[in-house]
Amino acid sequence: MIRLERTSVMNLENAMRGARNPMNSWGRMDSGYDEDGNYILGPNDMDLARRLRKAGSDHRKFIRQIFVSVDITAPLYWWKEYDTYKVATVANSTSTMHRIHSKPFSIDDFSHDHLTDAGTEILAQLVDELEKIRLRYMEGKDKADWYDLIQLLPSSYNQMRTCTLNYETLVNIYYARRNHKLDEWHEFCAWIETLPYAAELIVAAED
């Protein structure tokens, strides 16, 4: 399970202006904002953007200045792979260490969309045991109970993080993960495809 919410794409205008700095060609800029406040690339700017992204990562530096912020809820096993990407990424997460005991455990706190019936039953039993430990910890504040919560927590536990990336990082993620075994990566790559000018600046970047 993965959920991507509250997506914001920022700085496209400034990135395109910077793309024209090497040739001092700002007079050819023909992009602007529509009535909904979206920055729309004009024919001249689109042509330049296409040529620069086809020229390779050294020439398409401007897409590193197109920023994306998104809230991602995903299981810990997916976050472990996401954490491979350390360059040009920032993430603030909900705290497992400090807040794991703050609410009752529910099976929906865990990704279980691919579990068999037997697996679902096992998870339900584990959730029940975790809730018993949580209640015991809330009553006695025994650190041993807190450690039981942390060390028994399965990697299917869902965590939400607010992430900031740029388009160049998304190029790397898209081409590295689009054929991955985990369905979460397929959904993440599908989300990438919905971003403004993703077809021209991200998905087609390796054409």
# chains A, B, ... in the order shown; residues from 1 in each chain; ligands from 1

$ residues_around --residues "stretch 42-46 of chain A" --least-positions-apart "6" --cutoff "8 Å" --atoms "only C-alpha atoms" --output "VMD selection string"
chain A and resid 16 28 to 32

$ select_by_dssp --residues "chain A" --states "alpha helix (DSSP H)" --output "PyMOL selection string"
chain A and resi 12-19+43-54+76-82+96-99+117-140+143-152+167-177+183-193+198

$ residues_around --residues "A:Pro75" --least-positions-apart "5" --cutoff "8 Å" --atoms "only C-alpha atoms" --output "list in words"
Met1, Ile2, Phe110, Ser111, Ser155, Ser156, Tyr157, Asn158 and Gln159 of chain A

$ select_by_dssp --residues "stretch 40-147 of chain A" --states "strand (DSSP E or B)" --output "number ranges by chain"
A: 40, 67-75, 90-93, 110

$ write_last_selection --atoms "C-alpha atoms" --output "PDB file, in the first residue's frame"
ATOM      1  CA  ILE A  40       2.397  26.941 -18.755  1.00  0.00           C
ATOM      2  CA  PHE A  67      10.875  21.026  -6.692  1.00  0.00           C
ATOM      3  CA  VAL A  68       8.147  18.629  -5.598  1.00  0.00           C
ATOM      4  CA  SER A  69       6.624  18.286  -2.134  1.00  0.00           C
ATOM      5  CA  VAL A  70       4.349  15.352  -1.339  1.00  0.00           C
ATOM      6  CA  ASP A  71       2.979  13.489   1.680  1.00  0.00           C
ATOM      7  CA  ILE A  72       3.693   9.771   1.294  1.00  0.00           C
ATOM      8  CA  THR A  73       2.165   7.065   3.455  1.00  0.00           C
ATOM      9  CA  ALA A  74       3.877   3.728   2.896  1.00  0.00           C
ATOM     10  CA  PRO A  75       5.060   0.636   4.791  1.00  0.00           C
ATOM     11  CA  VAL A  90      14.372  15.851   2.420  1.00  0.00           C
ATOM     12  CA  ALA A  91      11.784  14.015   4.530  1.00  0.00           C
ATOM     13  CA  ASN A  92      10.046  14.728   7.822  1.00  0.00           C
ATOM     14  CA  SER A  93       8.349  11.636   9.181  1.00  0.00           C
ATOM     15  CA  PHE A 110      -0.325  -1.950   8.330  1.00  0.00           C
TER      16      PHE A 110
END

$ closest_residue --among "A:Gln125, A:Thr194, A:Gln65, A:Asn14" --to "A:Ser106" --atoms "only C-alpha atoms"
A:Gln125

$ residues_around --residues "stretch 116-124 of chain A" --least-positions-apart "3" --cutoff "12 Å" --atoms "only C-alpha atoms" --output "CSV table (one decimal) with N, CA and C atoms, in the first residue's frame"
chain,number,residue,atom,x,y,z
A,105,PHE,N,-3.7,0.3,18.2
A,105,PHE,CA,-3.3,-0.4,17.0
A,105,PHE,C,-4.5,-0.9,16.3
A,106,SER,N,-4.5,-0.8,14.9
A,106,SER,CA,-5.5,-1.3,14.1
A,106,SER,C,-4.8,-2.0,12.9
A,107,ILE,N,-5.5,-3.0,12.4
A,107,ILE,CA,-4.9,-3.7,11.2
A,107,ILE,C,-4.7,-2.8,10.0
A,108,ASP,N,-5.5,-1.7,10.0
A,108,ASP,CA,-5.3,-0.8,8.9
A,108,ASP,C,-4.1,0.2,9.1
A,109,ASP,N,-3.4,0.0,10.2
A,109,ASP,CA,-2.1,0.7,10.4
A,109,ASP,C,-1.0,0.0,9.6
A,110,PHE,N,-1.3,-1.1,9.0
A,110,PHE,CA,-0.3,-2.0,8.3
A,110,PHE,C,-0.8,-2.2,6.9
A,111,SER,N,0.2,-2.3,6.0
A,111,SER,CA,-0.1,-2.7,4.6
A,111,SER,C,-0.4,-4.2,4.6
A,112,HIS,N,-1.6,-4.6,4.2
A,112,HIS,CA,-2.0,-6.0,4.2
A,112,HIS,C,-2.7,-6.4,2.9
A,113,ASP,N,-2.6,-5.5,1.9
A,113,ASP,CA,-3.3,-5.7,0.6
A,113,ASP,C,-2.9,-6.9,-0.2
A,127,VAL,N,-1.4,-7.8,15.8
A,127,VAL,CA,-2.0,-6.5,16.1
A,127,VAL,C,-2.6,-6.5,17.5
A,128,ASP,N,-3.3,-7.6,17.8
A,128,ASP,CA,-4.0,-7.7,19.1
A,128,ASP,C,-2.9,-7.8,20.2
A,129,GLU,N,-1.8,-8.5,20.0
A,129,GLU,CA,-0.8,-8.6,21.0
A,129,GLU,C,-0.1,-7.2,21.2
A,130,LEU,N,0.2,-6.5,20.1
A,130,LEU,CA,0.8,-5.2,20.1
A,130,LEU,C,-0.1,-4.2,20.9
A,131,GLU,N,-1.4,-4.3,20.7
A,131,GLU,CA,-2.3,-3.5,21.5
A,131,GLU,C,-2.3,-3.8,23.0
A,152,LEU,N,8.9,-5.6,18.0
A,152,LEU,CA,8.0,-6.5,17.4
A,152,LEU,C,7.2,-5.9,16.2
A,153,LEU,N,7.4,-4.6,16.0
A,153,LEU,CA,6.6,-3.9,15.0
A,153,LEU,C,7.0,-4.4,13.6
A,154,PRO,N,6.1,-5.0,12.8
A,154,PRO,CA,6.5,-5.5,11.5
A,154,PRO,C,6.8,-4.4,10.5
A,155,SER,N,7.5,-4.8,9.5
A,155,SER,CA,7.9,-3.8,8.5
A,155,SER,C,6.7,-3.4,7.6
A,156,SER,N,5.6,-4.0,7.8
A,156,SER,CA,4.4,-3.6,7.0
A,156,SER,C,3.7,-2.4,7.7
A,157,TYR,N,4.2,-1.9,8.8
A,157,TYR,CA,3.7,-0.8,9.5
A,157,TYR,C,3.8,0.5,8.6

$ closest_residue --among "A:Thr164, A:Tyr197, A:Arg6, A:Pro22" --to "A:Arg53" --atoms "only C-alpha atoms"
A:Tyr197

$ residues_around --residues "A:Ser95" --least-positions-apart "3" --cutoff "10 Å" --atoms "only C-alpha atoms" --output "list of chain:residue names"
A:Asn92, A:His98, A:Arg99, A:Ile100, A:Gln159, A:Met160, A:Arg161

$ closest_residue --among "A:Asn179, A:Thr162, A:Asn24, A:Thr169" --to "A:Glu5" --atoms "only C-alpha atoms"
A:Thr162

$ closest_atom_pairs --of "stretch 87-189 of chain A" --to "stretch 54-64 of chain A" --cutoff "10 Å" --atoms "only C-alpha atoms" --output "JSON lines"
{"residue": "A:Ala88", "atom": "CA", "partner": "A:Arg64", "partner_atom": "CA", "distance": 8.4}
{"residue": "A:Leu165", "atom": "CA", "partner": "A:Arg64", "partner_atom": "CA", "distance": 8.8}
{"residue": "A:Asn166", "atom": "CA", "partner": "A:Arg64", "partner_atom": "CA", "distance": 5.4}
{"residue": "A:Tyr167", "atom": "CA", "partner": "A:Ile63", "partner_atom": "CA", "distance": 5.3}
{"residue": "A:Glu168", "atom": "CA", "partner": "A:Arg64", "partner_atom": "CA", "distance": 5.1}
{"residue": "A:Thr169", "atom": "CA", "partner": "A:Arg64", "partner_atom": "CA", "distance": 7.5}
{"residue": "A:Leu170", "atom": "CA", "partner": "A:Arg64", "partner_atom": "CA", "distance": 9.5}
{"residue": "A:Val171", "atom": "CA", "partner": "A:Ile63", "partner_atom": "CA", "distance": 9.6}

$ write_last_selection --atoms "C-alpha atoms" --output "PDB file, in the first residue's frame"
ATOM      1  CA  ALA A  88      18.461  16.249  -3.148  1.00  0.00           C
ATOM      2  CA  LEU A 165      12.473  16.050  -4.183  1.00  0.00           C
ATOM      3  CA  ASN A 166      13.408  17.553  -7.523  1.00  0.00           C
ATOM      4  CA  TYR A 167      12.753  16.453 -11.094  1.00  0.00           C
ATOM      5  CA  GLU A 168      16.283  15.114 -11.642  1.00  0.00           C
ATOM      6  CA  THR A 169      15.951  12.862  -8.609  1.00  0.00           C
ATOM      7  CA  LEU A 170      12.596  11.680  -9.948  1.00  0.00           C
ATOM      8  CA  VAL A 171      14.266  10.801 -13.274  1.00  0.00           C
TER       9      VAL A 171
END

$ atom_distance --atom1 "atom CA of A:Gly37" --atom2 "atom CA of A:Pro196"
12.9 Å

$ residues_around --residues "stretch 180-188 of chain A" --least-positions-apart "4" --cutoff "9 Å" --atoms "only C-alpha atoms" --output "ChimeraX atom specification"
/A:1-4,74,78,174,176,192-193

$ write_last_selection --atoms "N, CA and C atoms" --output "PDB file, in the first residue's frame"
ATOM      1  N   MET A   1       0.850  -1.191   0.000  1.00  0.00           N
ATOM      2  CA  MET A   1       0.000   0.000   0.000  1.00  0.00           C
ATOM      3  C   MET A   1       0.882   1.236   0.000  1.00  0.00           C
ATOM      4  N   ILE A   2       0.529   2.187  -0.834  1.00  0.00           N
ATOM      5  CA  ILE A   2       1.188   3.490  -0.807  1.00  0.00           C
ATOM      6  C   ILE A   2       0.145   4.543  -1.139  1.00  0.00           C
ATOM      7  N   ARG A   3       0.227   5.676  -0.456  1.00  0.00           N
ATOM      8  CA  ARG A   3      -0.692   6.781  -0.704  1.00  0.00           C
ATOM      9  C   ARG A   3       0.123   8.064  -0.839  1.00  0.00           C
ATOM     10  N   LEU A   4      -0.107   8.807  -1.931  1.00  0.00           N
ATOM     11  CA  LEU A   4       0.600  10.054  -2.201  1.00  0.00           C
ATOM     12  C   LEU A   4      -0.414  11.183  -2.229  1.00  0.00           C
ATOM     13  N   ALA A  74       3.421   4.997   3.467  1.00  0.00           N
ATOM     14  CA  ALA A  74       3.877   3.728   2.896  1.00  0.00           C
ATOM     15  C   ALA A  74       4.441   2.855   4.012  1.00  0.00           C
ATOM     16  N   TRP A  78       8.943  -0.374   2.325  1.00  0.00           N
ATOM     17  CA  TRP A  78       9.135   0.484   1.154  1.00  0.00           C
ATOM     18  C   TRP A  78      10.055   1.649   1.495  1.00  0.00           C
ATOM     19  N   TYR A 174      12.539   7.011 -11.313  1.00  0.00           N
ATOM     20  CA  TYR A 174      11.629   6.433 -12.298  1.00  0.00           C
ATOM     21  C   TYR A 174      12.308   5.313 -13.081  1.00  0.00           C
ATOM     22  N   ALA A 176      15.041   3.650 -12.309  1.00  0.00           N
ATOM     23  CA  ALA A 176      15.567   2.578 -11.472  1.00  0.00           C
ATOM     24  C   ALA A 176      14.474   1.668 -10.928  1.00  0.00           C
ATOM     25  N   ILE A 192       4.535   9.827 -10.569  1.00  0.00           N
ATOM     26  CA  ILE A 192       5.510  10.679 -11.259  1.00  0.00           C
ATOM     27  C   ILE A 192       4.970  11.102 -12.622  1.00  0.00           C
ATOM     28  N   GLU A 193       4.347  10.176 -13.319  1.00  0.00           N
ATOM     29  CA  GLU A 193       3.839  10.466 -14.662  1.00  0.00           C
ATOM     30  C   GLU A 193       2.748  11.522 -14.674  1.00  0.00           C
TER      31      GLU A 193
END

$ decode --residues "stretch 94-198 of chain A" --atoms "C-alpha atoms" --output "PDB file, in the first residue's frame"
ATOM      1  CA  THR A  94       5.807  10.852  11.823  1.00  0.00           C
ATOM      2  CA  SER A  95       7.784   9.512  14.793  1.00  0.00           C
ATOM      3  CA  THR A  96       7.633   5.799  15.495  1.00  0.00           C
ATOM      4  CA  MET A  97       9.911   6.145  18.518  1.00  0.00           C
ATOM      5  CA  HIS A  98       7.907   8.881  20.223  1.00  0.00           C
ATOM      6  CA  ARG A  99       4.341   8.246  19.049  1.00  0.00           C
ATOM      7  CA  ILE A 100       4.021   4.485  18.547  1.00  0.00           C
ATOM      8  CA  HIS A 101       2.016   4.211  21.771  1.00  0.00           C
ATOM      9  CA  SER A 102      -0.203   7.266  21.237  1.00  0.00           C
ATOM     10  CA  LYS A 103      -3.147   5.515  19.541  1.00  0.00           C
ATOM     11  CA  PRO A 104      -4.701   2.039  19.535  1.00  0.00           C
ATOM     12  CA  PHE A 105      -3.293  -0.388  16.986  1.00  0.00           C
ATOM     13  CA  SER A 106      -5.537  -1.303  14.063  1.00  0.00           C
ATOM     14  CA  ILE A 107      -4.903  -3.724  11.227  1.00  0.00           C
ATOM     15  CA  ASP A 108      -5.282  -0.757   8.876  1.00  0.00           C
ATOM     16  CA  ASP A 109      -2.108   0.711  10.365  1.00  0.00           C
ATOM     17  CA  PHE A 110      -0.325  -1.950   8.330  1.00  0.00           C
ATOM     18  CA  SER A 111      -0.087  -2.741   4.625  1.00  0.00           C
ATOM     19  CA  HIS A 112      -1.953  -6.003   4.162  1.00  0.00           C
ATOM     20  CA  ASP A 113      -3.344  -5.707   0.629  1.00  0.00           C
ATOM     21  CA  HIS A 114      -1.333  -8.692  -0.638  1.00  0.00           C
ATOM     22  CA  LEU A 115      -1.646 -10.983   2.372  1.00  0.00           C
ATOM     23  CA  THR A 116      -3.242 -14.377   2.032  1.00  0.00           C
ATOM     24  CA  ASP A 117      -6.086 -15.278   4.398  1.00  0.00           C
ATOM     25  CA  ALA A 118      -3.576 -17.084   6.591  1.00  0.00           C
ATOM     26  CA  GLY A 119      -1.254 -14.084   6.557  1.00  0.00           C
ATOM     27  CA  THR A 120      -4.104 -11.734   7.454  1.00  0.00           C
ATOM     28  CA  GLU A 121      -4.985 -13.933  10.415  1.00  0.00           C
ATOM     29  CA  ILE A 122      -1.392 -13.891  11.653  1.00  0.00           C
ATOM     30  CA  LEU A 123      -1.225 -10.105  11.303  1.00  0.00           C
ATOM     31  CA  ALA A 124      -4.523  -9.686  13.163  1.00  0.00           C
ATOM     32  CA  GLN A 125      -3.162 -11.771  16.038  1.00  0.00           C
ATOM     33  CA  LEU A 126       0.018  -9.706  16.112  1.00  0.00           C
ATOM     34  CA  VAL A 127      -1.966  -6.457  16.107  1.00  0.00           C
ATOM     35  CA  ASP A 128      -3.969  -7.733  19.087  1.00  0.00           C
ATOM     36  CA  GLU A 129      -0.765  -8.565  20.968  1.00  0.00           C
ATOM     37  CA  LEU A 130       0.768  -5.177  20.143  1.00  0.00           C
ATOM     38  CA  GLU A 131      -2.340  -3.463  21.476  1.00  0.00           C
ATOM     39  CA  LYS A 132      -2.091  -5.430  24.743  1.00  0.00           C
ATOM     40  CA  ILE A 133       1.539  -4.370  25.093  1.00  0.00           C
ATOM     41  CA  ARG A 134       0.640  -0.758  24.268  1.00  0.00           C
ATOM     42  CA  LEU A 135      -2.025  -0.696  26.988  1.00  0.00           C
ATOM     43  CA  ARG A 136       0.412  -2.235  29.442  1.00  0.00           C
ATOM     44  CA  TYR A 137       2.990   0.402  28.596  1.00  0.00           C
ATOM     45  CA  MET A 138       0.453   3.227  28.915  1.00  0.00           C
ATOM     46  CA  GLU A 139      -0.394   1.991  32.397  1.00  0.00           C
ATOM     47  CA  GLY A 140       3.061   1.270  33.778  1.00  0.00           C
ATOM     48  CA  LYS A 141       5.458   3.173  31.473  1.00  0.00           C
ATOM     49  CA  ASP A 142       7.822   0.230  31.666  1.00  0.00           C
ATOM     50  CA  LYS A 143      10.552   0.714  29.061  1.00  0.00           C
ATOM     51  CA  ALA A 144      10.673  -3.040  28.497  1.00  0.00           C
ATOM     52  CA  ASP A 145       7.116  -2.847  27.138  1.00  0.00           C
ATOM     53  CA  TRP A 146       8.127   0.060  24.898  1.00  0.00           C
ATOM     54  CA  TYR A 147      10.990  -2.024  23.511  1.00  0.00           C
ATOM     55  CA  ASP A 148       8.540  -4.854  22.843  1.00  0.00           C
ATOM     56  CA  LEU A 149       6.471  -2.451  20.735  1.00  0.00           C
ATOM     57  CA  ILE A 150       9.481  -1.220  18.764  1.00  0.00           C
ATOM     58  CA  GLN A 151      11.131  -4.591  18.200  1.00  0.00           C
ATOM     59  CA  LEU A 152       7.957  -6.514  17.399  1.00  0.00           C
ATOM     60  CA  LEU A 153       6.627  -3.895  14.993  1.00  0.00           C
ATOM     61  CA  PRO A 154       6.482  -5.527  11.524  1.00  0.00           C
ATOM     62  CA  SER A 155       7.911  -3.832   8.465  1.00  0.00           C
ATOM     63  CA  SER A 156       4.390  -3.593   7.021  1.00  0.00           C
ATOM     64  CA  TYR A 157       3.658  -0.754   9.475  1.00  0.00           C
ATOM     65  CA  ASN A 158       2.643   2.359   7.534  1.00  0.00           C
ATOM     66  CA  GLN A 159       4.496   5.615   8.133  1.00  0.00           C
ATOM     67  CA  MET A 160       3.744   9.047   6.694  1.00  0.00           C
ATOM     68  CA  ARG A 161       6.527  11.390   5.608  1.00  0.00           C
ATOM     69  CA  THR A 162       6.439  14.803   3.975  1.00  0.00           C
ATOM     70  CA  CYS A 163       9.046  14.554   1.216  1.00  0.00           C
ATOM     71  CA  THR A 164      10.760  17.133  -0.965  1.00  0.00           C
ATOM     72  CA  LEU A 165      12.473  16.050  -4.183  1.00  0.00           C
ATOM     73  CA  ASN A 166      13.408  17.553  -7.523  1.00  0.00           C
ATOM     74  CA  TYR A 167      12.753  16.453 -11.094  1.00  0.00           C
ATOM     75  CA  GLU A 168      16.283  15.114 -11.642  1.00  0.00           C
ATOM     76  CA  THR A 169      15.951  12.862  -8.609  1.00  0.00           C
ATOM     77  CA  LEU A 170      12.596  11.680  -9.948  1.00  0.00           C
ATOM     78  CA  VAL A 171      14.266  10.801 -13.274  1.00  0.00           C
ATOM     79  CA  ASN A 172      16.682   8.558 -11.384  1.00  0.00           C
ATOM     80  CA  ILE A 173      13.916   6.978  -9.316  1.00  0.00           C
ATOM     81  CA  TYR A 174      11.629   6.433 -12.298  1.00  0.00           C
ATOM     82  CA  TYR A 175      14.171   4.569 -14.401  1.00  0.00           C
ATOM     83  CA  ALA A 176      15.567   2.578 -11.472  1.00  0.00           C
ATOM     84  CA  ARG A 177      12.223   1.472 -10.013  1.00  0.00           C
ATOM     85  CA  ARG A 178       9.573   1.362 -12.742  1.00  0.00           C
ATOM     86  CA  ASN A 179      10.009  -2.397 -13.216  1.00  0.00           C
ATOM     87  CA  HIS A 180      10.525  -3.225  -9.547  1.00  0.00           C
ATOM     88  CA  LYS A 181       8.893  -6.246  -7.921  1.00  0.00           C
ATOM     89  CA  LEU A 182       7.036  -4.120  -5.335  1.00  0.00           C
ATOM     90  CA  ASP A 183       3.690  -2.736  -6.484  1.00  0.00           C
ATOM     91  CA  GLU A 184       4.336   0.365  -4.381  1.00  0.00           C
ATOM     92  CA  TRP A 185       7.094   1.396  -6.782  1.00  0.00           C
ATOM     93  CA  HIS A 186       4.772   0.954  -9.757  1.00  0.00           C
ATOM     94  CA  GLU A 187       2.252   3.247  -8.081  1.00  0.00           C
ATOM     95  CA  PHE A 188       4.975   5.751  -7.245  1.00  0.00           C
ATOM     96  CA  CYS A 189       6.144   5.806 -10.865  1.00  0.00           C
ATOM     97  CA  ALA A 190       2.544   6.239 -12.026  1.00  0.00           C
ATOM     98  CA  TRP A 191       2.318   9.265  -9.712  1.00  0.00           C
ATOM     99  CA  ILE A 192       5.510  10.679 -11.259  1.00  0.00           C
ATOM    100  CA  GLU A 193       3.839  10.466 -14.662  1.00  0.00           C
ATOM    101  CA  THR A 194       1.044  12.781 -13.451  1.00  0.00           C
ATOM    102  CA  LEU A 195       3.373  15.670 -12.557  1.00  0.00           C
ATOM    103  CA  PRO A 196       3.439  18.798 -14.762  1.00  0.00           C
ATOM    104  CA  TYR A 197       5.518  18.170 -17.888  1.00  0.00           C
ATOM    105  CA  ALA A 198       6.599  14.777 -16.611  1.00  0.00           C
TER     106      ALA A 198
END
